[in-house]
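Novice: File structure32.txt follows (compact mmCIF, C-alpha atoms):
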```txt
# COMPACT_ATOMS: atom_id res chain seq x y z
CA MET I 1 -13.86 -50.72 5.52
CA LYS I 2 -15.35 -54.12 6.21
CA LYS I 3 -18.04 -55.36 3.88
CA TYR I 4 -20.74 -57.34 5.65
CA ARG I 5 -23.12 -59.77 3.90
CA PHE I 6 -20.74 -59.84 0.89
CA SER I 7 -21.82 -63.41 0.15
CA LEU I 8 -25.42 -62.39 -0.56
CA PRO I 9 -26.82 -61.37 -3.94
CA PRO I 10 -28.57 -57.98 -4.27
CA LEU I 11 -31.66 -58.55 -2.14
CA ASP I 12 -34.04 -56.97 -4.65
CA THR I 13 -33.19 -59.80 -7.08
CA LEU I 14 -34.78 -62.23 -4.62
CA ILE I 15 -37.99 -60.20 -4.60
CA PHE I 16 -38.14 -60.25 -8.39
CA PHE I 17 -37.31 -63.96 -8.50
CA GLU I 18 -39.96 -64.87 -5.89
CA ALA I 19 -42.65 -62.99 -7.79
CA ALA I 20 -41.68 -64.47 -11.18
CA TYR I 21 -41.60 -68.00 -9.75
CA ARG I 22 -44.94 -67.58 -7.99
CA VAL I 23 -46.90 -66.17 -10.97
CA GLY I 24 -44.96 -68.08 -13.66
CA SER I 25 -44.39 -65.09 -15.89
CA PHE I 26 -42.00 -62.15 -16.23
CA THR I 27 -44.83 -60.04 -17.61
CA ALA I 28 -47.30 -60.84 -14.82
CA SER I 29 -44.66 -60.33 -12.13
CA ALA I 30 -43.75 -56.98 -13.68
CA VAL I 31 -47.37 -55.88 -13.32
CA GLU I 32 -47.44 -57.05 -9.69
CA LEU I 33 -44.21 -55.23 -8.87
CA ASN I 34 -45.18 -52.14 -10.89
CA VAL I 35 -42.03 -52.26 -13.01
CA SER I 36 -41.27 -53.07 -16.63
CA GLN I 37 -40.90 -56.61 -17.98
CA ALA I 38 -37.35 -55.73 -18.96
CA ALA I 39 -36.57 -54.80 -15.33
CA VAL I 40 -37.75 -58.22 -14.13
CA SER I 41 -35.75 -60.02 -16.83
CA LYS I 42 -32.64 -58.02 -15.93
CA ARG I 43 -32.88 -58.85 -12.21
CA ILE I 44 -33.43 -62.56 -12.88
CA ARG I 45 -30.42 -62.64 -15.20
CA GLN I 46 -28.35 -60.87 -12.52
CA LEU I 47 -29.39 -63.46 -9.92
CA GLU I 48 -28.65 -66.35 -12.28
CA GLU I 49 -25.16 -64.95 -12.92
CA TRP I 50 -24.59 -64.72 -9.16
CA MET I 51 -25.87 -68.27 -8.61
CA GLY I 52 -23.92 -69.61 -11.57
CA GLU I 53 -26.90 -71.60 -12.82
CA SER I 54 -30.16 -71.01 -14.66
CA LEU I 55 -33.27 -70.61 -12.53
CA PHE I 56 -35.91 -70.74 -15.27
CA VAL I 57 -36.39 -72.39 -18.62
CA ARG I 58 -38.07 -70.06 -21.12
CA ASP I 59 -40.47 -71.60 -23.60
CA GLY I 60 -41.88 -68.65 -25.50
CA LYS I 61 -44.03 -66.76 -23.02
CA ARG I 62 -44.10 -69.68 -20.64
CA LEU I 63 -41.72 -69.85 -17.70
CA PHE I 64 -40.66 -73.10 -15.99
CA PRO I 65 -38.38 -73.26 -12.93
CA THR I 66 -35.29 -75.42 -13.00
CA PRO I 67 -34.49 -77.76 -10.08
CA MET I 68 -32.19 -75.04 -8.73
CA GLY I 69 -35.05 -72.55 -9.15
CA ASP I 70 -37.31 -74.81 -7.08
CA LYS I 71 -34.73 -75.02 -4.28
CA LEU I 72 -34.05 -71.29 -4.31
CA PHE I 73 -37.75 -70.50 -4.12
CA GLN I 74 -38.09 -72.48 -0.90
CA THR I 75 -35.23 -70.53 0.68
CA ALA I 76 -36.14 -67.14 -0.78
CA GLY I 77 -39.85 -67.52 -0.02
CA MET I 78 -39.29 -68.36 3.65
CA THR I 79 -36.65 -65.63 4.00
CA LEU I 80 -38.84 -62.91 2.51
CA GLU I 81 -41.83 -64.04 4.57
CA PHE I 82 -39.76 -63.94 7.76
CA LEU I 83 -38.37 -60.53 6.86
CA GLN I 84 -41.82 -59.18 6.03
CA GLN I 85 -43.29 -60.35 9.34
CA GLY I 86 -40.38 -59.02 11.36
CA LEU I 87 -40.30 -55.63 9.67
CA GLY I 88 -44.09 -55.43 9.78
CA ALA I 89 -44.07 -55.93 13.54
CA LEU I 90 -41.36 -53.28 13.98
CA ARG I 91 -43.21 -50.84 11.76
CA GLU I 92 -46.45 -51.41 13.66
CA GLU I 93 -44.63 -50.73 16.93
CA ALA I 94 -43.04 -47.58 15.52
CA GLN I 95 -46.40 -46.32 14.28
CA ARG I 96 -48.44 -47.27 17.34
CA PRO I 97 -50.11 -44.49 19.30
CA LEU I 98 -48.09 -42.79 21.99
CA SER I 99 -49.18 -44.55 25.19
CA ILE I 100 -49.65 -42.52 28.37
CA GLY I 101 -50.39 -44.14 31.73
CA ALA I 102 -51.93 -42.02 34.47
CA ASN I 103 -53.52 -42.26 37.89
CA THR I 104 -57.29 -42.25 37.43
CA ALA I 105 -57.95 -38.82 38.93
CA VAL I 106 -55.27 -36.91 37.04
CA GLY I 107 -56.15 -38.75 33.85
CA MET I 108 -59.83 -37.88 34.14
CA PHE I 109 -59.75 -34.32 35.41
CA TRP I 110 -56.51 -32.82 34.13
CA LEU I 111 -54.80 -34.93 31.50
CA THR I 112 -57.75 -35.75 29.23
CA PRO I 113 -58.58 -32.13 28.30
CA HIS I 114 -54.89 -31.37 27.75
CA LEU I 115 -54.50 -34.41 25.49
CA ARG I 116 -57.46 -33.10 23.51
CA ASP I 117 -55.79 -29.69 23.17
CA PHE I 118 -52.51 -31.35 22.23
CA GLY I 119 -54.36 -33.30 19.55
CA LEU I 120 -55.53 -30.01 18.04
CA SER I 121 -52.07 -28.45 18.14
CA PRO I 122 -49.40 -28.41 15.40
CA TYR I 123 -47.45 -31.01 17.42
CA ALA I 124 -50.27 -33.58 17.48
CA CYS I 125 -49.59 -37.30 17.23
CA PRO I 126 -51.84 -40.31 17.94
CA THR I 127 -52.14 -40.94 21.68
CA ARG I 128 -53.67 -43.58 23.94
CA LEU I 129 -54.48 -42.94 27.59
CA ILE I 130 -54.52 -45.76 30.14
CA THR I 131 -55.74 -44.93 33.65
CA SER I 132 -55.23 -47.01 36.77
CA ASP I 133 -54.32 -46.58 40.42
CA ASN I 134 -52.22 -49.76 40.31
CA PRO I 135 -48.56 -48.81 39.67
CA GLN I 136 -47.90 -52.10 37.86
CA ASP I 137 -50.51 -51.20 35.26
CA LEU I 138 -48.78 -47.90 34.60
CA PHE I 139 -45.07 -48.73 34.77
CA ASN I 140 -44.88 -52.33 33.57
CA ASN I 141 -46.96 -52.44 30.40
CA GLY I 142 -44.82 -50.44 27.99
CA ASN I 143 -46.33 -46.98 28.41
CA ASP I 144 -44.11 -44.33 26.84
CA LEU I 145 -44.99 -41.75 29.50
CA THR I 146 -46.72 -41.72 32.86
CA VAL I 147 -48.41 -38.95 34.82
CA THR I 148 -48.62 -40.07 38.43
CA TYR I 149 -48.99 -38.87 41.99
CA GLY I 150 -46.16 -39.05 44.50
CA ASP I 151 -42.91 -37.48 45.65
CA GLY I 152 -41.19 -37.71 42.26
CA VAL I 153 -38.82 -40.49 43.33
CA LEU I 154 -39.30 -43.35 40.88
CA PRO I 155 -36.50 -45.91 40.37
CA ASP I 156 -35.02 -45.93 36.86
CA ARG I 157 -37.32 -43.13 35.70
CA THR I 158 -36.79 -39.48 34.81
CA THR I 159 -39.46 -37.37 36.51
CA THR I 160 -40.58 -33.76 36.06
CA LEU I 161 -42.99 -32.02 38.42
CA LEU I 162 -46.14 -30.71 36.78
CA PHE I 163 -47.83 -29.27 39.88
CA GLU I 164 -47.88 -29.75 43.62
CA GLU I 165 -50.86 -31.11 45.49
CA GLU I 166 -53.04 -28.51 47.20
CA LEU I 167 -56.08 -29.95 48.99
CA THR I 168 -59.10 -27.88 50.00
CA PRO I 169 -62.83 -28.51 50.63
CA VAL I 170 -64.98 -28.10 47.51
CA ALA I 171 -68.69 -28.45 46.85
CA ALA I 172 -71.37 -27.69 44.28
CA PRO I 173 -72.71 -24.10 44.26
CA ASP I 174 -76.02 -25.15 45.89
CA VAL I 175 -74.07 -26.60 48.83
CA ALA I 176 -71.54 -23.78 49.01
CA LYS I 177 -74.22 -21.07 49.18
CA GLN I 178 -75.34 -22.47 52.54
CA PHE I 179 -72.22 -20.91 54.04
CA SER I 180 -71.07 -17.32 54.10
CA ASP I 181 -68.46 -16.18 51.60
CA ASP I 182 -66.09 -15.29 54.42
CA LEU I 183 -66.21 -18.75 56.01
CA TRP I 184 -62.64 -19.18 57.18
CA SER I 185 -62.62 -22.85 58.14
CA ILE I 186 -65.02 -25.77 57.89
CA GLN I 187 -64.46 -26.15 61.62
CA ASP I 188 -66.59 -23.02 62.00
CA ILE I 189 -69.63 -24.82 60.56
CA PRO I 190 -72.05 -25.71 63.38
CA PRO I 191 -72.44 -29.48 63.90
CA SER I 192 -76.12 -29.29 62.99
CA ASP I 193 -75.30 -27.74 59.57
CA ARG I 194 -72.41 -29.97 58.58
CA PRO I 195 -72.82 -31.59 55.14
CA THR I 196 -71.49 -35.05 54.37
CA LEU I 197 -67.75 -35.44 53.82
CA LEU I 198 -67.27 -37.53 50.69
CA ASN I 199 -64.33 -39.77 51.43
CA TYR I 200 -62.52 -42.48 49.44
CA GLY I 201 -60.38 -45.53 50.00
CA ARG I 202 -56.65 -44.86 50.03
CA ALA I 203 -54.94 -46.94 47.35
CA SER I 204 -51.51 -46.06 48.73
CA PRO I 205 -50.16 -45.02 52.15
CA ASP I 206 -49.12 -41.60 50.80
CA TRP I 207 -52.64 -40.68 49.67
CA VAL I 208 -54.41 -38.01 51.72
CA ASP I 209 -58.06 -38.65 52.56
CA TRP I 210 -60.32 -36.61 54.85
CA ARG I 211 -59.05 -38.25 58.03
CA VAL I 212 -55.40 -37.64 57.10
CA TRP I 213 -56.27 -34.08 56.00
CA PHE I 214 -57.79 -33.35 59.42
CA GLN I 215 -54.74 -34.83 61.15
CA ARG I 216 -52.22 -32.91 59.02
CA LEU I 217 -54.00 -29.62 59.73
CA SER I 218 -54.31 -30.46 63.44
CA PHE I 219 -58.10 -30.29 63.21
CA SER I 220 -60.10 -32.24 65.76
CA GLY I 221 -63.57 -33.72 65.60
CA PHE I 222 -63.37 -35.67 62.32
CA ASP I 223 -65.39 -38.51 63.88
CA LYS I 224 -68.24 -36.09 64.55
CA TRP I 225 -68.78 -35.36 60.85
CA PRO I 226 -71.14 -37.38 58.65
CA VAL I 227 -68.93 -39.32 56.24
CA GLU I 228 -69.72 -41.35 53.15
CA THR I 229 -66.88 -43.51 51.86
CA LEU I 230 -66.83 -44.16 48.12
CA SER I 231 -64.62 -46.43 46.04
CA THR I 232 -62.48 -43.82 44.30
CA TYR I 233 -61.43 -40.21 44.54
CA SER I 234 -63.09 -39.54 41.18
CA GLN I 235 -66.42 -40.75 42.57
CA THR I 236 -66.21 -38.25 45.43
CA ILE I 237 -65.79 -35.42 42.94
CA GLY I 238 -68.70 -36.68 40.90
CA GLU I 239 -70.93 -36.83 43.96
CA ALA I 240 -69.80 -33.36 45.03
CA ILE I 241 -70.75 -31.97 41.62
CA LYS I 242 -74.21 -33.49 42.14
CA GLY I 243 -74.51 -31.58 45.42
CA ARG I 244 -74.32 -34.59 47.71
CA GLY I 245 -71.58 -33.37 50.03
CA ILE I 246 -68.12 -31.87 50.34
CA ALA I 247 -65.18 -33.41 48.51
CA LEU I 248 -61.51 -32.98 49.22
CA GLY I 249 -60.52 -31.02 46.15
CA SER I 250 -57.07 -31.16 44.59
CA VAL I 251 -56.92 -27.59 43.31
CA TRP I 252 -54.81 -28.14 40.19
CA LEU I 253 -56.67 -31.28 39.13
CA LEU I 254 -60.00 -29.46 39.40
CA ARG I 255 -58.90 -26.12 38.00
CA ALA I 256 -61.34 -26.36 35.06
CA GLU I 257 -64.27 -27.28 37.33
CA LEU I 258 -63.43 -24.47 39.76
CA GLU I 259 -63.06 -21.88 37.00
CA ALA I 260 -66.34 -22.99 35.42
CA GLY I 261 -68.16 -22.71 38.75
CA ILE I 262 -69.16 -26.36 38.76
CA LEU I 263 -67.36 -26.62 42.07
CA GLU I 264 -66.53 -23.92 44.62
CA ARG I 265 -64.08 -23.67 47.47
CA ILE I 266 -66.03 -23.33 50.68
CA SER I 267 -63.33 -22.23 53.11
CA SER I 268 -59.74 -21.03 53.32
CA ASP I 269 -58.52 -24.39 54.62
CA VAL I 270 -55.63 -25.62 52.47
CA LEU I 271 -53.19 -28.48 52.94
CA LEU I 272 -49.97 -28.59 50.94
CA SER I 273 -49.27 -32.30 51.12
CA GLY I 274 -45.65 -32.11 49.96
CA ARG I 275 -46.46 -34.35 47.03
CA GLY I 276 -47.55 -33.67 43.51
CA TYR I 277 -48.13 -34.96 39.99
CA TYR I 278 -45.16 -35.87 37.85
CA VAL I 279 -44.65 -36.78 34.21
CA SER I 280 -42.02 -39.50 33.82
CA HIS I 281 -40.41 -41.94 31.42
CA ASN I 282 -38.04 -44.89 31.65
CA ASN I 283 -34.38 -43.86 31.78
CA ARG I 284 -33.48 -46.50 29.21
CA ALA I 285 -36.17 -45.48 26.74
CA ILE I 286 -35.47 -43.29 23.75
CA LEU I 287 -38.39 -40.90 23.55
CA SER I 288 -39.95 -40.36 20.17
CA GLU I 289 -40.34 -36.85 18.83
CA GLY I 290 -44.06 -37.02 19.64
CA ALA I 291 -43.34 -38.03 23.24
CA ARG I 292 -40.87 -35.17 23.69
CA GLN I 293 -43.37 -32.72 22.23
CA LEU I 294 -46.09 -33.97 24.57
CA VAL I 295 -43.87 -33.71 27.67
CA ASP I 296 -43.01 -30.11 26.74
CA TYR I 297 -46.68 -29.39 26.09
CA LEU I 298 -47.82 -30.75 29.47
CA ILE I 299 -45.08 -28.88 31.34
CA ALA I 300 -46.10 -25.66 29.60
CA ALA I 301 -49.80 -26.30 30.29
CA ALA I 302 -49.11 -26.91 33.98
CA GLY I 303 -46.98 -23.78 34.19
CA GLN I 304 -49.67 -21.71 32.50
CA GLY I 305 -52.21 -22.95 35.03
CA LEU I 306 -49.94 -22.02 37.92
CA ARG I 307 -49.33 -18.52 36.52
CA GLY I 308 -53.06 -18.05 35.94
CA HIS I 309 -53.78 -19.08 39.53
CA ALA I 310 -51.13 -16.71 40.90
CA THR I 311 -52.60 -13.85 38.88
CA SER I 312 -56.14 -14.48 40.10
CA VAL I 313 -55.22 -14.67 43.81
```
Could I get this structure in the form of C-alpha cells?

Specialist:
Amino acid sequence: MKKYRFSLPPLDTLIFFEAAYRVGSFTASAVELNVSQAAVSKRIRQLEEWMGESLFVRDGKRLFPTPMGDKLFQTAGMTLEFLQQGLGALREEAQRPLSIGANTAVGMFWLTPHLRDFGLSPYACPTRLITSDNPQDLFNNGNDLTVTYGDGVLPDRTTTLLFEEELTPVAAPDVAKQFSDDLWSIQDIPPSDRPTLLNYGRASPDWVDWRVWFQRLSFSGFDKWPVETLSTYSQTIGEAIKGRGIALGSVWLLRAELEAGILERISSDVLLSGRGYYVSHNNRAILSEGARQLVDYLIAAAGQGLRGHATSV
C-alpha cells in the first residue's frame, strides 16, 4: 500500500509547536490546548527529532526559539492558517441551511406551510426558501432543491411530479354567494352581474392566464368581461381573498385556502393544463440526508393532498 505524505511529521506536532512558539511557554500552551504540560513537551521533542535540530532553548521556565524554530514558525503558522480557513469554509458550507428555490406562487401558498410542518417533524433540518419567477434565480445560485412549474423537462436535473395544475375560478365567500351553488359555468353569469377577472402578467409562455384559460376551454367573450391586470399571480389571489374579483385558482396550490373557506370555487369549470409542479435537483449533486428527507416529505405531502381531494369529491 502506498504511503502518501510520508515526508511530513505528525501534523499535531505542528499545532503544539505553533502554540508553544506563540505564547512562549509549554505550560501556557498546554492550558490553551487543554492538555498537560508533559503532552506539549513530548510533541515538541517528537518534532525536534523529526527535524533533526532543536527548535527551542530552555532557560528554566523561559522558552526561546532557535533560528530553525523561527523559520519553522513562519511555515507552520501560514500552513495552519491556510488549513483553518479552508476547512472552516468547507464546514460552513456543509452546515449551511438546506436551500430551496421555488416559483413565487408555489413557495407562498403550498411550500411554506409544508416547510413549517417539516421543521416540526423528526426529520427537520435548517432550511432557507428563495422565491422567484426568474429561472436563473432558482437554478443558477446553488439551491439544493427547486420546486417549480412546468412540464418536468429540465436539462441536467432529476424531476419528480408533486401535483398537476388544475385551474378553476375562485373567489371570496362574499363574492361567491352572489351566484347559485349549482352554477355550472361562469359563462352562465349574466353580463350585468359579472365580477372583475383578476389577471396577471405571464412570466413565461407556458403560463396560463385568464385569456389562455378561456381559449383552452373554447369559451368566447373574454373581451366582454371586466379585467384587472396585476403584477403577479400571488397578487390576484390576495385581491380575490379581499373580495375584489375572481381569480384563476390553481386547486392544489390553494388547497388550504379552499378547505378553510377563505376562497370558494364558483363554478364547475376546470382546465387541466397538462403541466404541474415538480421538485428537482441537479443530476451532478449529491443530496444530503436532509435534502433526501425533505424530498420524500414533500412527495408524501402532495400525495396525501391528492388522496384527500379524491375522497372529498

Novice: Can you work out which one of I:Gly101, I:Pro113, I:Pro205, I:Gly69 has the shortest atom-to-atom distance to Arg255 (chain I), counting all atoms listed in the file?

Specialist: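 For Arg255 (chain I), the nearest of the given residues is I:Pro113.
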
Novice: By how many Å are CA of Phe179 (chain I) and CA of Thr229 (chain I) apart?

Specialist: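 Between CA of Phe179 (chain I) and CA of Thr229 (chain I) the gap works out to 23.3 Å.
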
Novice: Given all atoms listed in the file as the basis, pick out the residue of I:Leu217, I:Met108, I:Val147, I:Ala171 nearest to Glu239 (chain I).

Specialist: I:Ala171

Novice: Nearest to Ala124 (chain I) among I:Gly86, I:Gly274, I:Pro97, I:Gly290, with distances taken over only C-alpha atoms: which residue is it?

Specialist: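 Result for the nearest residue to Ala124 (chain I): I:Gly290.
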
Novice: Show me the residues close to (-55.0, -30.8, 28.3) - anything with an atom within 12 Å, counting all atoms listed in the file - and format the list as a count of residues only.

Specialist: 29

Novice: Between I:Gln187, I:Asn199, I:Ser41, I:Ser267, which is the closest to Ser220 (chain I) once you count only C-alpha atoms?

Specialist: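 For Ser220 (chain I), the nearest of the candidates is I:Gln187.
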
Novice: Looking at all atoms listed in the file, which of I:Ala203, I:Leu14, I:Val279, I:Ile237 is the one that sits closest to Thr148 (chain I)?

Specialist: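 Closest residue, counting all atoms listed in the file: I:Val279.
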
Novice: Considering all atoms listed in the file, can you say which of I:Thr232, I:Lys71, I:Asp181, I:Phe139 comes closest to Pro155 (chain I)?

Specialist: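 Looking only at the distances to Pro155 (chain I), the closest residue turns out to be I:Phe139.
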